[in-house]
Amino acid sequence: MQSIYLDHAATTAVHPQVWEAMLPYFTNQYGNPSSLHSFGRETKIALSRARDGIAECLNCSPAEWMFTGSGTESDNTAIFGAAARYGQASGKRHLITTQIEHHAVLHACRHLEKQGYEVTYLPVDQSGLVKLADVEAAIRHDTFLISVMYGNNEVGTVQPIRDIGELARERGIVFHVDAVQALGTEDIQLSAMPVDLMSFSAHKLYGPKGVGALYISKNISIEPLMFGGSQERKRRAGTENVPGIAGFAKAVQLAASNREANVQQLDSLREQLLAGIEEEAGRDGFILNGSRDNRLPHILNVSFPGIDTDIMLMNLDLNGIAAASGSACTSGSLEVSHVLQAMHLSDEVTKSAIRFSVGMDNDRDQIREVSRRIGTILRRIRNK
């Protein structure tokens, strides 16, 4: 039986060209970029080349790009760094986020609450969308930060980032966006966006694990989380992951050069899977979660009422299909998704939700086979 991977929102395989770009820095060009000798200068040049390449693809200055160890570190750096620079230093103690953020943001906000900060967690509608009016209503005189994700990693709903950013800019509030799930599919032109901080990760777009990045607009500054060296313009101490950074740059380049075609392919596969599930399960045999139109192209979240998520995931795995219950950081637990709960969906829906996420290594034959296997699983379970 062919195994079929439909969990690309959790992570992706490293693209062969990305792997090729990384290889030299594991073997021949292994110098520390902070060293002054020729070995160090080689890798220092590689870092600059990677930074310049990504900045060109995403329309920002290379000086505005800081490499990190993950998307989680990028989110934490943005939130804690902004709190130290614009909250603590000015006496402001309030920030705004949403109830459906990744835990890298939510848990960071919870930690700030323990330090005396106040956080407003904005609600969303049943499609997972934040209302601009709610953002505006939540702003206070002491609000220093708004953090809203670009596209949700569980249901795929895309937020009104530009509108929120313009509102934040009018009020003089720092705006952070978690774009980890959006990089590679959305048209991100940083210099043209009203965004101050934006978080990214390489392994969501066929790059390596263990490397992320934070865009820091030239108009702001944040306090660092890590100390001990002058790397990354004194914003993130520690020897840089040169192979990972080289791979990240290649992954961004590949994604940018083929973005429209890739989005079209992913969207086509997702729609084929949705149609296949409807054919196998029947129109009343499943429920679509998230926005039908305002969404990322690769994520499909559906519920199969009457079949618990863990039972369905186990059966999918036994039938060679890799899917998930939600965020990769929490899918190992049996807790109901906080995203689906925030969308005020019924228990029947939240307890039976499955996230499928297609990728560039899937094809129409695989999706057809997945639909067939899902139908077999549903009939077997429901006939019992």
# chains A, B, ... in the order shown; residues from 1 in each chain; ligands from 1

$ residues_around --residues "Leu316 (chain A)" --least-positions-apart "5" --cutoff "8 Å" --atoms "only C-alpha atoms" --output "compact mmCIF listing (two decimals) with all heavy atoms, in the first residue's frame"
# COMPACT_ATOMS: atom_id res chain seq x y z
N ILE A 321 -2.34 6.92 5.23
CA ILE A 321 -2.57 8.35 4.99
C ILE A 321 -2.13 9.14 6.22
O ILE A 321 -2.60 8.89 7.34
CB ILE A 321 -4.06 8.64 4.71
CG1 ILE A 321 -4.52 7.88 3.47
CG2 ILE A 321 -4.30 10.14 4.53
CD1 ILE A 321 -6.02 7.90 3.27
N ALA A 322 -1.23 10.07 6.02
CA ALA A 322 -0.75 10.93 7.11
C ALA A 322 -1.56 12.21 7.11
O ALA A 322 -1.53 12.99 6.15
CB ALA A 322 0.73 11.24 6.93
N ALA A 323 -2.31 12.44 8.18
CA ALA A 323 -3.09 13.66 8.37
C ALA A 323 -2.87 14.11 9.81
O ALA A 323 -2.00 13.59 10.50
CB ALA A 323 -4.57 13.43 8.06
N ILE A 374 -10.65 7.00 2.28
CA ILE A 374 -11.50 7.66 3.27
C ILE A 374 -12.91 7.08 3.21
O ILE A 374 -13.53 6.80 4.24
CB ILE A 374 -11.53 9.19 3.04
CG1 ILE A 374 -10.17 9.81 3.42
CG2 ILE A 374 -12.65 9.84 3.86
CD1 ILE A 374 -10.06 11.28 3.10
N ILE A 377 -12.98 3.74 4.90
CA ILE A 377 -12.91 3.88 6.35
C ILE A 377 -14.27 4.31 6.91
O ILE A 377 -14.76 3.74 7.90
CB ILE A 377 -11.82 4.91 6.75
CG1 ILE A 377 -10.43 4.38 6.39
CG2 ILE A 377 -11.90 5.24 8.23
CD1 ILE A 377 -9.34 5.43 6.49

$ residues_around --residues "Ser70 (chain A)" --least-positions-apart "6" --cutoff "8 Å" --atoms "only C-alpha atoms" --output "PDB file with all heavy atoms, in the first residue's frame"
ATOM      1  N   PHE A 200       8.678  33.830  10.399  1.00  0.00           N
ATOM      2  CA  PHE A 200       8.732  32.837   9.340  1.00  0.00           C
ATOM      3  C   PHE A 200       9.458  31.580   9.822  1.00  0.00           C
ATOM      4  O   PHE A 200      10.172  31.603  10.820  1.00  0.00           O
ATOM      5  CB  PHE A 200       9.474  33.384   8.116  1.00  0.00           C
ATOM      6  CG  PHE A 200       8.909  34.651   7.554  1.00  0.00           C
ATOM      7  CD1 PHE A 200       9.439  35.887   7.913  1.00  0.00           C
ATOM      8  CD2 PHE A 200       7.856  34.616   6.654  1.00  0.00           C
ATOM      9  CE1 PHE A 200       8.918  37.064   7.397  1.00  0.00           C
ATOM     10  CE2 PHE A 200       7.324  35.779   6.130  1.00  0.00           C
ATOM     11  CZ  PHE A 200       7.856  37.013   6.501  1.00  0.00           C
ATOM     12  N   SER A 201       9.291  30.494   9.056  1.00  0.00           N
ATOM     13  CA  SER A 201      10.014  29.251   9.322  1.00  0.00           C
ATOM     14  C   SER A 201      10.302  28.548   8.006  1.00  0.00           C
ATOM     15  O   SER A 201       9.464  28.567   7.091  1.00  0.00           O
ATOM     16  CB  SER A 201       9.186  28.347  10.242  1.00  0.00           C
ATOM     17  OG  SER A 201       9.898  27.167  10.542  1.00  0.00           O
ATOM     18  N   ALA A 202      11.475  27.930   7.904  1.00  0.00           N
ATOM     19  CA  ALA A 202      11.901  27.325   6.649  1.00  0.00           C
ATOM     20  C   ALA A 202      11.207  26.009   6.335  1.00  0.00           C
ATOM     21  O   ALA A 202      10.951  25.693   5.167  1.00  0.00           O
ATOM     22  CB  ALA A 202      13.416  27.106   6.671  1.00  0.00           C
ATOM     23  N   LYS A 209      14.412  21.973   8.854  1.00  0.00           N
ATOM     24  CA  LYS A 209      13.957  22.305  10.201  1.00  0.00           C
ATOM     25  C   LYS A 209      15.097  22.996  10.951  1.00  0.00           C
ATOM     26  O   LYS A 209      16.262  22.833  10.612  1.00  0.00           O
ATOM     27  CB  LYS A 209      13.523  21.040  10.937  1.00  0.00           C
ATOM     28  CG  LYS A 209      12.361  20.308  10.268  1.00  0.00           C
ATOM     29  CD  LYS A 209      12.115  18.970  10.944  1.00  0.00           C
ATOM     30  CE  LYS A 209      11.009  18.193  10.247  1.00  0.00           C
ATOM     31  NZ  LYS A 209      11.373  17.811   8.849  1.00  0.00           N
ATOM     32  N   GLY A 210      14.735  23.733  11.977  1.00  0.00           N
ATOM     33  CA  GLY A 210      15.757  24.344  12.825  1.00  0.00           C
ATOM     34  C   GLY A 210      16.244  25.694  12.356  1.00  0.00           C
ATOM     35  O   GLY A 210      17.273  26.167  12.838  1.00  0.00           O
ATOM     36  N   VAL A 211      15.508  26.344  11.448  1.00  0.00           N
ATOM     37  CA  VAL A 211      15.875  27.702  11.042  1.00  0.00           C
ATOM     38  C   VAL A 211      14.602  28.484  10.730  1.00  0.00           C
ATOM     39  O   VAL A 211      13.691  28.000  10.061  1.00  0.00           O
ATOM     40  CB  VAL A 211      16.847  27.702   9.831  1.00  0.00           C
ATOM     41  CG1 VAL A 211      16.251  26.978   8.643  1.00  0.00           C
ATOM     42  CG2 VAL A 211      17.237  29.126   9.446  1.00  0.00           C
ATOM     43  N   GLY A 212      14.526  29.666  11.305  1.00  0.00           N
ATOM     44  CA  GLY A 212      13.400  30.560  11.072  1.00  0.00           C
ATOM     45  C   GLY A 212      13.927  31.960  10.846  1.00  0.00           C
ATOM     46  O   GLY A 212      15.133  32.164  10.672  1.00  0.00           O
ATOM     47  N   ALA A 213      13.024  32.925  10.846  1.00  0.00           N
ATOM     48  CA  ALA A 213      13.450  34.304  10.640  1.00  0.00           C
ATOM     49  C   ALA A 213      12.414  35.265  11.191  1.00  0.00           C
ATOM     50  O   ALA A 213      11.238  34.916  11.355  1.00  0.00           O
ATOM     51  CB  ALA A 213      13.685  34.581   9.161  1.00  0.00           C
TER      52      ALA A 213
END

$ closest_residue --among "A:Gly247, A:Pro123, A:Gly359, A:Pro62" --to "Ser191 (chain A)" --atoms "only C-alpha atoms"
A:Pro62

$ closest_residue --among "A:Met1, A:Ala342, A:Ala251, A:Ala256" --to "His15 (chain A)" --atoms "only C-alpha atoms"
A:Ala251

$ residues_around --residues "Thr11 (chain A)" --least-positions-apart "2" --cutoff "9 Å" --atoms "only C-alpha atoms" --output "ChimeraX atom specification"
/A:7-9,13,203-206,209,328

$ write_last_selection --atoms "N, CA, C and O atoms" --output "mmCIF file, in the first residue's frame"
data_model
loop_
_atom_site.group_PDB
_atom_site.id
_atom_site.type_symbol
_atom_site.label_atom_id
_atom_site.label_comp_id
_atom_site.auth_asym_id
_atom_site.auth_seq_id
_atom_site.Cartn_x
_atom_site.Cartn_y
_atom_site.Cartn_z
ATOM 1 N N ASP A 7 0.155 16.047 5.384
ATOM 2 C CA ASP A 7 0.365 16.830 6.595
ATOM 3 C C ASP A 7 1.432 17.895 6.370
ATOM 4 O O ASP A 7 2.284 18.149 7.224
ATOM 5 N N HIS A 8 1.365 18.532 5.205
ATOM 6 C CA HIS A 8 2.372 19.534 4.831
ATOM 7 C C HIS A 8 2.301 20.802 5.674
ATOM 8 O O HIS A 8 3.250 21.581 5.689
ATOM 9 N N ALA A 9 1.178 21.030 6.356
ATOM 10 C CA ALA A 9 1.104 22.179 7.256
ATOM 11 C C ALA A 9 1.950 21.958 8.500
ATOM 12 O O ALA A 9 2.329 22.913 9.177
ATOM 13 N N ALA A 13 8.987 17.934 3.183
ATOM 14 C CA ALA A 13 10.272 17.316 2.845
ATOM 15 C C ALA A 13 11.207 18.387 2.290
ATOM 16 O O ALA A 13 10.766 19.352 1.658
ATOM 17 N N HIS A 203 10.894 25.217 7.358
ATOM 18 C CA HIS A 203 10.472 23.847 7.083
ATOM 19 C C HIS A 203 9.030 23.716 6.615
ATOM 20 O O HIS A 203 8.557 22.626 6.323
ATOM 21 N N LYS A 204 8.311 24.846 6.512
ATOM 22 C CA LYS A 204 6.956 24.807 5.981
ATOM 23 C C LYS A 204 6.939 24.954 4.457
ATOM 24 O O LYS A 204 5.904 24.767 3.837
ATOM 25 N N LEU A 205 8.063 25.329 3.875
ATOM 26 C CA LEU A 205 8.101 25.508 2.423
ATOM 27 C C LEU A 205 9.282 24.770 1.801
ATOM 28 O O LEU A 205 10.017 25.287 0.973
ATOM 29 N N TYR A 206 9.473 23.516 2.250
ATOM 30 C CA TYR A 206 10.448 22.600 1.669
ATOM 31 C C TYR A 206 11.885 22.991 1.979
ATOM 32 O O TYR A 206 12.811 22.652 1.255
ATOM 33 N N LYS A 209 14.412 21.973 8.854
ATOM 34 C CA LYS A 209 13.957 22.305 10.201
ATOM 35 C C LYS A 209 15.097 22.996 10.951
ATOM 36 O O LYS A 209 16.262 22.833 10.612
ATOM 37 N N ALA A 328 0.881 20.873 14.640
ATOM 38 C CA ALA A 328 1.829 19.779 14.862
ATOM 39 C C ALA A 328 2.373 19.795 16.288
ATOM 40 O O ALA A 328 2.794 18.776 16.812
#

$ closest_atom_pairs --of "region 152-207 of chain A" --to "region 78-102 of chain A" --cutoff "9 Å" --atoms "only C-alpha atoms" --output "CSV"
residue,atom,partner,partner_atom,distance
A:Asn152,CA,A:Glu101,CA,7.4
A:Asn153,CA,A:His102,CA,7.6
A:Val174,CA,A:Ala82,CA,7.7
A:His176,CA,A:Ala78,CA,7.0
A:Asp178,CA,A:His102,CA,8.3
A:Leu197,CA,A:Ala78,CA,6.5
A:Met198,CA,A:Ala78,CA,8.0
A:Ser199,CA,A:Ala78,CA,7.9

$ write_last_selection --atoms "N, CA and C atoms" --output "short mmCIF file (atom, residue, chain, number, x, y, z; two decimals), in the first residue's frame"
data_model
loop_
_atom_site.label_atom_id
_atom_site.label_comp_id
_atom_site.auth_asym_id
_atom_site.auth_seq_id
_atom_site.Cartn_x
_atom_site.Cartn_y
_atom_site.Cartn_z
N ASN A 152 -4.36 30.89 9.23
CA ASN A 152 -4.40 29.93 10.34
C ASN A 152 -3.87 28.57 9.93
N ASN A 153 -3.06 27.98 10.80
CA ASN A 153 -2.41 26.71 10.50
C ASN A 153 -3.33 25.50 10.63
N VAL A 174 2.72 48.87 17.52
CA VAL A 174 3.54 47.89 16.81
C VAL A 174 2.66 46.72 16.36
N HIS A 176 2.62 42.86 14.81
CA HIS A 176 3.34 41.62 14.52
C HIS A 176 2.43 40.63 13.83
N ASP A 178 2.34 36.55 12.50
CA ASP A 178 2.89 35.20 12.38
C ASP A 178 2.55 34.71 10.97
N LEU A 197 6.67 43.62 12.38
CA LEU A 197 7.36 42.38 12.69
C LEU A 197 6.62 41.23 12.02
N MET A 198 7.36 40.32 11.38
CA MET A 198 6.71 39.17 10.76
C MET A 198 7.59 37.94 10.93
N SER A 199 6.97 36.85 11.39
CA SER A 199 7.70 35.63 11.72
C SER A 199 7.58 34.60 10.61
#

$ select_by_dssp --residues "region 140-206 of chain A" --states "strand (DSSP E)" --output "PyMOL selection string"
chain A and resi 143-147+174-178+197-201

$ write_last_selection --atoms "N, CA, C and O atoms" --output "PDB file, in the first residue's frame"
ATOM      1  N   THR A 143      -2.075  50.375  24.784  1.00  0.00           N
ATOM      2  CA  THR A 143      -1.807  49.243  23.893  1.00  0.00           C
ATOM      3  C   THR A 143      -0.513  49.505  23.125  1.00  0.00           C
ATOM      4  O   THR A 143      -0.380  50.531  22.462  1.00  0.00           O
ATOM      5  N   PHE A 144       0.424  48.580  23.213  1.00  0.00           N
ATOM      6  CA  PHE A 144       1.696  48.760  22.522  1.00  0.00           C
ATOM      7  C   PHE A 144       1.915  47.752  21.389  1.00  0.00           C
ATOM      8  O   PHE A 144       2.782  47.936  20.543  1.00  0.00           O
ATOM      9  N   LEU A 145       1.121  46.657  21.364  1.00  0.00           N
ATOM     10  CA  LEU A 145       1.359  45.600  20.373  1.00  0.00           C
ATOM     11  C   LEU A 145       0.049  44.937  19.962  1.00  0.00           C
ATOM     12  O   LEU A 145      -0.820  44.688  20.799  1.00  0.00           O
ATOM     13  N   ILE A 146      -0.073  44.658  18.666  1.00  0.00           N
ATOM     14  CA  ILE A 146      -1.132  43.817  18.125  1.00  0.00           C
ATOM     15  C   ILE A 146      -0.448  42.675  17.390  1.00  0.00           C
ATOM     16  O   ILE A 146       0.444  42.902  16.575  1.00  0.00           O
ATOM     17  N   SER A 147      -0.851  41.441  17.687  1.00  0.00           N
ATOM     18  CA  SER A 147      -0.261  40.262  17.034  1.00  0.00           C
ATOM     19  C   SER A 147      -1.373  39.403  16.454  1.00  0.00           C
ATOM     20  O   SER A 147      -2.194  38.852  17.202  1.00  0.00           O
ATOM     21  N   VAL A 174       2.719  48.867  17.520  1.00  0.00           N
ATOM     22  CA  VAL A 174       3.543  47.887  16.807  1.00  0.00           C
ATOM     23  C   VAL A 174       2.657  46.722  16.359  1.00  0.00           C
ATOM     24  O   VAL A 174       1.826  46.234  17.132  1.00  0.00           O
ATOM     25  N   PHE A 175       2.850  46.275  15.113  1.00  0.00           N
ATOM     26  CA  PHE A 175       2.034  45.197  14.563  1.00  0.00           C
ATOM     27  C   PHE A 175       2.912  44.019  14.183  1.00  0.00           C
ATOM     28  O   PHE A 175       3.827  44.136  13.373  1.00  0.00           O
ATOM     29  N   HIS A 176       2.624  42.864  14.807  1.00  0.00           N
ATOM     30  CA  HIS A 176       3.345  41.621  14.524  1.00  0.00           C
ATOM     31  C   HIS A 176       2.431  40.635  13.830  1.00  0.00           C
ATOM     32  O   HIS A 176       1.257  40.487  14.183  1.00  0.00           O
ATOM     33  N   VAL A 177       2.971  39.936  12.836  1.00  0.00           N
ATOM     34  CA  VAL A 177       2.224  38.934  12.089  1.00  0.00           C
ATOM     35  C   VAL A 177       2.997  37.623  12.077  1.00  0.00           C
ATOM     36  O   VAL A 177       4.172  37.588  11.700  1.00  0.00           O
ATOM     37  N   ASP A 178       2.336  36.547  12.503  1.00  0.00           N
ATOM     38  CA  ASP A 178       2.894  35.200  12.380  1.00  0.00           C
ATOM     39  C   ASP A 178       2.545  34.711  10.971  1.00  0.00           C
ATOM     40  O   ASP A 178       1.400  34.361  10.693  1.00  0.00           O
ATOM     41  N   LEU A 197       6.673  43.623  12.380  1.00  0.00           N
ATOM     42  CA  LEU A 197       7.358  42.382  12.692  1.00  0.00           C
ATOM     43  C   LEU A 197       6.616  41.228  12.021  1.00  0.00           C
ATOM     44  O   LEU A 197       5.392  41.176  12.070  1.00  0.00           O
ATOM     45  N   MET A 198       7.358  40.318  11.376  1.00  0.00           N
ATOM     46  CA  MET A 198       6.712  39.166  10.755  1.00  0.00           C
ATOM     47  C   MET A 198       7.587  37.940  10.932  1.00  0.00           C
ATOM     48  O   MET A 198       8.791  37.979  10.664  1.00  0.00           O
ATOM     49  N   SER A 199       6.971  36.854  11.392  1.00  0.00           N
ATOM     50  CA  SER A 199       7.703  35.628  11.722  1.00  0.00           C
ATOM     51  C   SER A 199       7.581  34.595  10.611  1.00  0.00           C
ATOM     52  O   SER A 199       6.519  34.444   9.999  1.00  0.00           O
ATOM     53  N   PHE A 200       8.678  33.830  10.399  1.00  0.00           N
ATOM     54  CA  PHE A 200       8.732  32.837   9.340  1.00  0.00           C
ATOM     55  C   PHE A 200       9.458  31.580   9.822  1.00  0.00           C
ATOM     56  O   PHE A 200      10.172  31.603  10.820  1.00  0.00           O
ATOM     57  N   SER A 201       9.291  30.494   9.056  1.00  0.00           N
ATOM     58  CA  SER A 201      10.014  29.251   9.322  1.00  0.00           C
ATOM     59  C   SER A 201      10.302  28.548   8.006  1.00  0.00           C
ATOM     60  O   SER A 201       9.464  28.567   7.091  1.00  0.00           O
TER      61      SER A 201
END

$ residues_around --residues "Glu154 (chain A)" --least-positions-apart "6" --cutoff "9 Å" --atoms "only C-alpha atoms" --output "PDB file with all heavy atoms, in the first residue's frame"
ATOM      1  N   ALA A   9       1.178  21.030   6.356  1.00  0.00           N
ATOM      2  CA  ALA A   9       1.104  22.179   7.256  1.00  0.00           C
ATOM      3  C   ALA A   9       1.950  21.958   8.500  1.00  0.00           C
ATOM      4  O   ALA A   9       2.329  22.913   9.177  1.00  0.00           O
ATOM      5  CB  ALA A   9      -0.351  22.458   7.649  1.00  0.00           C
ATOM      6  N   GLY A 290     -13.740  26.314   8.567  1.00  0.00           N
ATOM      7  CA  GLY A 290     -12.940  27.413   8.046  1.00  0.00           C
ATOM      8  C   GLY A 290     -13.618  28.093   6.885  1.00  0.00           C
ATOM      9  O   GLY A 290     -14.695  27.693   6.434  1.00  0.00           O
ATOM     10  N   ILE A 299      -4.697  23.958   2.871  1.00  0.00           N
ATOM     11  CA  ILE A 299      -5.253  23.386   4.096  1.00  0.00           C
ATOM     12  C   ILE A 299      -6.741  23.093   3.936  1.00  0.00           C
ATOM     13  O   ILE A 299      -7.515  23.939   3.503  1.00  0.00           O
ATOM     14  CB  ILE A 299      -5.029  24.332   5.287  1.00  0.00           C
ATOM     15  CG1 ILE A 299      -3.521  24.429   5.596  1.00  0.00           C
ATOM     16  CG2 ILE A 299      -5.792  23.854   6.519  1.00  0.00           C
ATOM     17  CD1 ILE A 299      -3.183  25.389   6.714  1.00  0.00           C
ATOM     18  N   LEU A 300      -7.126  21.877   4.304  1.00  0.00           N
ATOM     19  CA  LEU A 300      -8.522  21.458   4.285  1.00  0.00           C
ATOM     20  C   LEU A 300      -8.856  20.824   5.634  1.00  0.00           C
ATOM     21  O   LEU A 300      -8.319  19.771   5.980  1.00  0.00           O
ATOM     22  CB  LEU A 300      -8.773  20.447   3.160  1.00  0.00           C
ATOM     23  CG  LEU A 300     -10.182  19.849   3.092  1.00  0.00           C
ATOM     24  CD1 LEU A 300     -11.219  20.923   2.779  1.00  0.00           C
ATOM     25  CD2 LEU A 300     -10.236  18.731   2.053  1.00  0.00           C
ATOM     26  N   ASN A 301      -9.720  21.477   6.401  1.00  0.00           N
ATOM     27  CA  ASN A 301     -10.116  20.966   7.703  1.00  0.00           C
ATOM     28  C   ASN A 301     -11.578  20.537   7.634  1.00  0.00           C
ATOM     29  O   ASN A 301     -12.458  21.349   7.329  1.00  0.00           O
ATOM     30  CB  ASN A 301      -9.929  22.039   8.781  1.00  0.00           C
ATOM     31  CG  ASN A 301     -10.048  21.489  10.193  1.00  0.00           C
ATOM     32  OD1 ASN A 301     -11.070  20.927  10.568  1.00  0.00           O
ATOM     33  ND2 ASN A 301      -9.002  21.666  10.980  1.00  0.00           N
ATOM     34  N   SER A 325      -4.697  16.350  13.515  1.00  0.00           N
ATOM     35  CA  SER A 325      -5.861  16.890  14.209  1.00  0.00           C
ATOM     36  C   SER A 325      -5.777  18.402  14.335  1.00  0.00           C
ATOM     37  O   SER A 325      -6.733  19.046  14.742  1.00  0.00           O
ATOM     38  CB  SER A 325      -5.979  16.269  15.606  1.00  0.00           C
ATOM     39  OG  SER A 325      -4.817  16.542  16.364  1.00  0.00           O
ATOM     40  N   GLY A 326      -4.635  18.970  14.026  1.00  0.00           N
ATOM     41  CA  GLY A 326      -4.452  20.417  14.147  1.00  0.00           C
ATOM     42  C   GLY A 326      -2.983  20.754  14.118  1.00  0.00           C
ATOM     43  O   GLY A 326      -2.211  20.174  13.362  1.00  0.00           O
ATOM     44  N   SER A 327      -2.567  21.686  14.955  1.00  0.00           N
ATOM     45  CA  SER A 327      -1.178  22.102  15.015  1.00  0.00           C
ATOM     46  C   SER A 327      -0.266  20.924  15.325  1.00  0.00           C
ATOM     47  O   SER A 327      -0.567  20.091  16.170  1.00  0.00           O
ATOM     48  CB  SER A 327      -1.003  23.174  16.092  1.00  0.00           C
ATOM     49  OG  SER A 327       0.365  23.436  16.331  1.00  0.00           O
ATOM     50  N   SER A 337      -9.121  21.060  19.635  1.00  0.00           N
ATOM     51  CA  SER A 337      -8.441  22.226  19.082  1.00  0.00           C
ATOM     52  C   SER A 337      -8.976  23.528  19.667  1.00  0.00           C
ATOM     53  O   SER A 337     -10.187  23.773  19.664  1.00  0.00           O
ATOM     54  CB  SER A 337      -8.615  22.242  17.563  1.00  0.00           C
ATOM     55  OG  SER A 337      -8.363  23.530  17.034  1.00  0.00           O
ATOM     56  N   VAL A 339      -8.529  26.323  18.324  1.00  0.00           N
ATOM     57  CA  VAL A 339      -8.985  27.105  17.170  1.00  0.00           C
ATOM     58  C   VAL A 339     -10.456  26.811  16.889  1.00  0.00           C
ATOM     59  O   VAL A 339     -11.281  27.716  16.740  1.00  0.00           O
ATOM     60  CB  VAL A 339      -8.129  26.788  15.928  1.00  0.00           C
ATOM     61  CG1 VAL A 339      -8.703  27.476  14.688  1.00  0.00           C
ATOM     62  CG2 VAL A 339      -6.683  27.226  16.150  1.00  0.00           C
ATOM     63  N   LEU A 340     -10.810  25.536  16.827  1.00  0.00           N
ATOM     64  CA  LEU A 340     -12.192  25.156  16.544  1.00  0.00           C
ATOM     65  C   LEU A 340     -13.117  25.575  17.688  1.00  0.00           C
ATOM     66  O   LEU A 340     -14.269  25.958  17.456  1.00  0.00           O
ATOM     67  CB  LEU A 340     -12.288  23.652  16.309  1.00  0.00           C
ATOM     68  CG  LEU A 340     -11.480  23.111  15.119  1.00  0.00           C
ATOM     69  CD1 LEU A 340     -11.683  21.605  14.984  1.00  0.00           C
ATOM     70  CD2 LEU A 340     -11.865  23.815  13.822  1.00  0.00           C
ATOM     71  N   ARG A 355      -7.395  17.599   9.902  1.00  0.00           N
ATOM     72  CA  ARG A 355      -6.749  18.537   8.978  1.00  0.00           C
ATOM     73  C   ARG A 355      -5.947  17.773   7.942  1.00  0.00           C
ATOM     74  O   ARG A 355      -5.020  17.036   8.278  1.00  0.00           O
ATOM     75  CB  ARG A 355      -5.808  19.491   9.727  1.00  0.00           C
ATOM     76  CG  ARG A 355      -5.165  20.533   8.805  1.00  0.00           C
ATOM     77  CD  ARG A 355      -4.063  21.308   9.491  1.00  0.00           C
ATOM     78  NE  ARG A 355      -2.889  20.483   9.774  1.00  0.00           N
ATOM     79  CZ  ARG A 355      -1.832  20.898  10.465  1.00  0.00           C
ATOM     80  NH1 ARG A 355      -1.822  22.119  10.978  1.00  0.00           N
ATOM     81  NH2 ARG A 355      -0.813  20.093  10.688  1.00  0.00           N
TER      82      ARG A 355
END

$ residues_around --residues "Thr27 (chain A)" --least-positions-apart "6" --cutoff "12 Å" --atoms "only C-alpha atoms" --output "ChimeraX atom specification"
/A:39,43,242-243

$ write_last_selection --atoms "C-alpha atoms" --output "PDB file, in the first residue's frame"
ATOM      1  CA  PHE A  39      37.229  29.778   6.411  1.00  0.00           C
ATOM      2  CA  THR A  43      30.586  31.318   5.418  1.00  0.00           C
ATOM      3  CA  VAL A 242      24.809  28.350   8.009  1.00  0.00           C
ATOM      4  CA  PRO A 243      23.612  25.158   6.222  1.00  0.00           C
TER       5      PRO A 243
END

$ select_by_dssp --residues "region 181-251 of chain A" --states "alpha helix (DSSP H)" --output "PDB file with N, CA and C atoms, in the first residue's frame"
ATOM      1  N   GLN A 231      26.130  38.557  16.828  1.00  0.00           N
ATOM      2  CA  GLN A 231      25.542  38.062  15.591  1.00  0.00           C
ATOM      3  C   GLN A 231      24.185  38.722  15.320  1.00  0.00           C
ATOM      4  N   GLU A 232      23.791  38.680  14.055  1.00  0.00           N
ATOM      5  CA  GLU A 232      22.489  39.231  13.623  1.00  0.00           C
ATOM      6  C   GLU A 232      22.290  40.667  14.114  1.00  0.00           C
ATOM      7  N   ARG A 233      23.321  41.479  13.904  1.00  0.00           N
ATOM      8  CA  ARG A 233      23.290  42.897  14.284  1.00  0.00           C
ATOM      9  C   ARG A 233      22.976  43.080  15.767  1.00  0.00           C
ATOM     10  N   LYS A 234      23.550  42.193  16.586  1.00  0.00           N
ATOM     11  CA  LYS A 234      23.409  42.201  18.040  1.00  0.00           C
ATOM     12  C   LYS A 234      21.968  41.942  18.495  1.00  0.00           C
ATOM     13  N   VAL A 242      24.500  28.002   9.400  1.00  0.00           N
ATOM     14  CA  VAL A 242      24.809  28.350   8.009  1.00  0.00           C
ATOM     15  C   VAL A 242      24.174  27.382   7.005  1.00  0.00           C
ATOM     16  N   PRO A 243      24.274  26.047   7.178  1.00  0.00           N
ATOM     17  CA  PRO A 243      23.612  25.158   6.222  1.00  0.00           C
ATOM     18  C   PRO A 243      22.104  25.405   6.158  1.00  0.00           C
ATOM     19  N   GLY A 244      21.484  25.562   7.326  1.00  0.00           N
ATOM     20  CA  GLY A 244      20.049  25.799   7.365  1.00  0.00           C
ATOM     21  C   GLY A 244      19.662  27.098   6.698  1.00  0.00           C
ATOM     22  N   ILE A 245      20.456  28.140   6.924  1.00  0.00           N
ATOM     23  CA  ILE A 245      20.169  29.445   6.333  1.00  0.00           C
ATOM     24  C   ILE A 245      20.326  29.401   4.815  1.00  0.00           C
ATOM     25  N   ALA A 246      21.349  28.709   4.351  1.00  0.00           N
ATOM     26  CA  ALA A 246      21.529  28.551   2.902  1.00  0.00           C
ATOM     27  C   ALA A 246      20.345  27.812   2.293  1.00  0.00           C
ATOM     28  N   GLY A 247      19.847  26.786   3.012  1.00  0.00           N
ATOM     29  CA  GLY A 247      18.680  26.048   2.543  1.00  0.00           C
ATOM     30  C   GLY A 247      17.422  26.891   2.580  1.00  0.00           C
ATOM     31  N   PHE A 248      17.268  27.686   3.616  1.00  0.00           N
ATOM     32  CA  PHE A 248      16.115  28.575   3.742  1.00  0.00           C
ATOM     33  C   PHE A 248      16.063  29.533   2.550  1.00  0.00           C
ATOM     34  N   ALA A 249      17.196  30.125   2.236  1.00  0.00           N
ATOM     35  CA  ALA A 249      17.251  31.071   1.125  1.00  0.00           C
ATOM     36  C   ALA A 249      16.864  30.417  -0.197  1.00  0.00           C
ATOM     37  N   LYS A 250      17.352  29.194  -0.405  1.00  0.00           N
ATOM     38  CA  LYS A 250      17.013  28.486  -1.649  1.00  0.00           C
ATOM     39  C   LYS A 250      15.524  28.151  -1.678  1.00  0.00           C
ATOM     40  N   ALA A 251      14.956  27.757  -0.546  1.00  0.00           N
ATOM     41  CA  ALA A 251      13.535  27.426  -0.484  1.00  0.00           C
ATOM     42  C   ALA A 251      12.671  28.651  -0.790  1.00  0.00           C
TER      43      ALA A 251
END
